[in-house]
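Read through the structure below, which is laid out as structure tokens, and then see the notes.
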Amino acid sequence: MKKIAVINDLSGMGKCSLTAALPVISAIGVQCCPFPTAVLSNQTGYESYFYDDFTDKMSAYAAEWKKRGFRPDGIYTGFMGNQHQIDVVEHFLTDFAKEQTMILVDPVMGDSGKIYGIYTDAFLARMKRLVRRAHIITPNLTEAMLLAGGREHMEKWLGRLPEDSGQDLIRIAQETAETLIRQYEIPTVVITGVTADGKVGNLIQTSSGSEWVFSDRFGGSYSGTGDLFASVLAAGMVKGFDPVFCVKAAVRFLGPAIREAAEEKTDRNDGVCFEKYLYHLGRDFQ
């Protein structure tokens with residue numbers, strides 16, 4: 001059985017990060033090997049939470065895996081609590097990635113034109129360095145623009161987000177993805193969650209071309225959907241499926257769960273009821 005090391009936080013509530021990755025990657029038929037960056041009682045969108053930073057524990061954790069001779073078929077990185085964790089992850093890639101190891105980086109830094117509290121210029125510089133080692137990255141449009149030009153570049157364009165038409169966002173995403181391919185020499189860039197004219201678009205960009213995958217938009221954003229999406233891509237690609245197929249499978253899987261959450265008026269912090277739709281993944285990735 002193929003294995004993926006998933007470097008992300010563990011949140012007890014909120015259906016995100018490792019609690020999202022574990023069932024999804026398992027349903028696709030790949031072993032998920034969790035590597036926690038932090039342990040939280042619940043994700044940070046709630047009004048309060050317990051947080052245990054794992055920065056000082058990560059190197060010792062990796063050292064035990066090294067003793068076991070662990071060699072994952074894929075490495076998927078998500079939330080980093082600070083810039084020093086990115087340094088640890090870079091060392092992890094050096095120690096554990098084989099020539100054929102698939103590396104997916106989800107560069108978690110912000111969303112909807114706003115940056116998260118973890119973000120600093122030093123954090124961005126390290127994230128750019130990590131991105132250069134990836135085979136595929138899955139930023140949202142905010143994160144893609146931070147990688148392409150920094151905070152001022154992102155704010156210049158997305159600061160007027162409410163006035164922009166959907167087609168403007170499509171164009172900006174396309175141009176940004178092409179820039180990232182050239183700038184970082186990444187094989188594949190997937191820009192997620194671009195809203196346009198009542199649809200949600202995901203752009204798959206390579207050096208040879210691009211393809212959009214759209215789905216109907218239901219409600220607002222929900223905790224963990226980006227983690228679920230990236231988990232499908234990571235596991236699918238490790239099994240040899242191409243990125244476009246994986247994105248389409250992720251959209252088929254997430255669409256009903258998001259629609260149900262919107263219909264039931266689920267609190268966005270609670271995430272979506274994806275568990276009942278895991279069978280889609282077992283069928284698509286046989």
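We label chains A, B, ... in the order they appear in the structure tokens, count residues from 1 in each chain, and number ligands from 1 in the order shown.
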### Task
Mind the document's chain letters and residue numbers, and return as a VMD selection string the residues of region 200-242 of chain A that DSSP labels strand (DSSP E).
chain A and resid 200 to 206 209 to 216
Neighbour list for Ala230 (chain A) as a short mmCIF file (atom, residue, chain, number, x, y, z; two decimals) with N, CA, C and O atoms, in the first residue's frame, cut-off 9 Å, only C-alpha atoms, skip fewer than 6 positions in-chain:
data_model
loop_
_atom_site.label_atom_id
_atom_site.label_comp_id
_atom_site.auth_asym_id
_atom_site.auth_seq_id
_atom_site.Cartn_x
_atom_site.Cartn_y
_atom_site.Cartn_z
N ALA A 21 -7.85 14.89 6.39
CA ALA A 21 -6.96 14.12 5.52
C ALA A 21 -7.05 12.61 5.78
O ALA A 21 -7.04 11.80 4.84
N TYR A 76 2.56 15.61 1.80
CA TYR A 76 1.56 16.68 1.64
C TYR A 76 1.69 17.60 2.85
O TYR A 76 1.54 17.16 3.97
N GLY A 78 0.51 21.10 4.90
CA GLY A 78 -0.58 22.04 5.07
C GLY A 78 -0.21 23.17 6.01
O GLY A 78 0.83 23.83 5.84
N LEU A 104 3.15 17.62 -2.48
CA LEU A 104 2.08 18.62 -2.62
C LEU A 104 2.20 19.61 -1.47
O LEU A 104 2.26 19.21 -0.30
N VAL A 105 2.23 20.90 -1.80
CA VAL A 105 2.29 21.96 -0.80
C VAL A 105 1.01 22.79 -0.89
O VAL A 105 0.69 23.35 -1.95
N ASP A 106 0.28 22.84 0.21
CA ASP A 106 -0.86 23.74 0.34
C ASP A 106 -0.36 24.95 1.15
O ASP A 106 -0.20 24.86 2.37
N ILE A 137 1.05 22.57 -6.18
CA ILE A 137 0.63 23.41 -5.06
C ILE A 137 -0.85 23.72 -5.22
O ILE A 137 -1.39 23.73 -6.34
N THR A 138 -1.54 23.97 -4.10
CA THR A 138 -3.00 24.17 -4.12
C THR A 138 -3.38 25.45 -3.38
O THR A 138 -4.15 25.41 -2.41
N VAL A 247 -8.94 16.64 -9.57
CA VAL A 247 -9.75 17.82 -9.25
C VAL A 247 -11.22 17.54 -9.53
O VAL A 247 -12.10 17.88 -8.72
N ALA A 250 -12.54 15.41 -6.78
CA ALA A 250 -12.70 16.19 -5.54
C ALA A 250 -13.98 17.02 -5.59
O ALA A 250 -14.71 17.12 -4.59
#
### Task
Considering only C-alpha atoms, state which residue in the set A:Ser223, A:Thr188, A:Thr195, A:Gln85 is at the smallest distance from Ala173 (chain A).
A:Thr195
### Task
Would you kindly return, as a ChimeraX atom specification, each protein, DNA or RNA residue with an atom no farther than 12 Å from any atom of region 59-65 of chain A, considering only C-alpha atoms and excluding same-chain residues fewer than 3 positions away?
/A:5,7,33-37,54-56,68-72,84-96
### Task
Write out as a PyMOL selection string which residues come within 10 Å of Ile258 (chain A) when counting only C-alpha atoms, dropping same-chain ones fewer than 6 positions away.
chain A and resi 216-222+225+264+266+271-274
### Message
Show me, as JSON, numbers by chain, the residues that have an atom within 7 Å of Asp227 (chain A) when counting only C-alpha atoms, minus same-chain residues fewer than 4 positions from it.
### Response
{"A": [16, 17, 20, 21, 231]}
### Message
Give me, as a ChimeraX atom specification, all polymer residues having an atom no more than 7 Å from Gly166 (chain A), counting only C-alpha atoms and skipping those fewer than 2 positions away in the same chain.
### Response
/A:164,168-170,195-197
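The interatomic distance for the pair CA of Gly201 (chain A) and CA of Phe214 (chain A) works out to 4.3 Å.
Every protein, DNA or RNA residue with an atom at most 8 Å from region 123-130 of chain A, where only C-alpha atoms count and chain neighbours fewer than 3 positions away do not, is listed here: Asn82, Gln83, Ile86, Asp87, Glu90, Val105, Pro107, Ile118, Tyr119, Thr120, Arg133, Ala134, Leu146, Leu147 and Gly150 of chain A.
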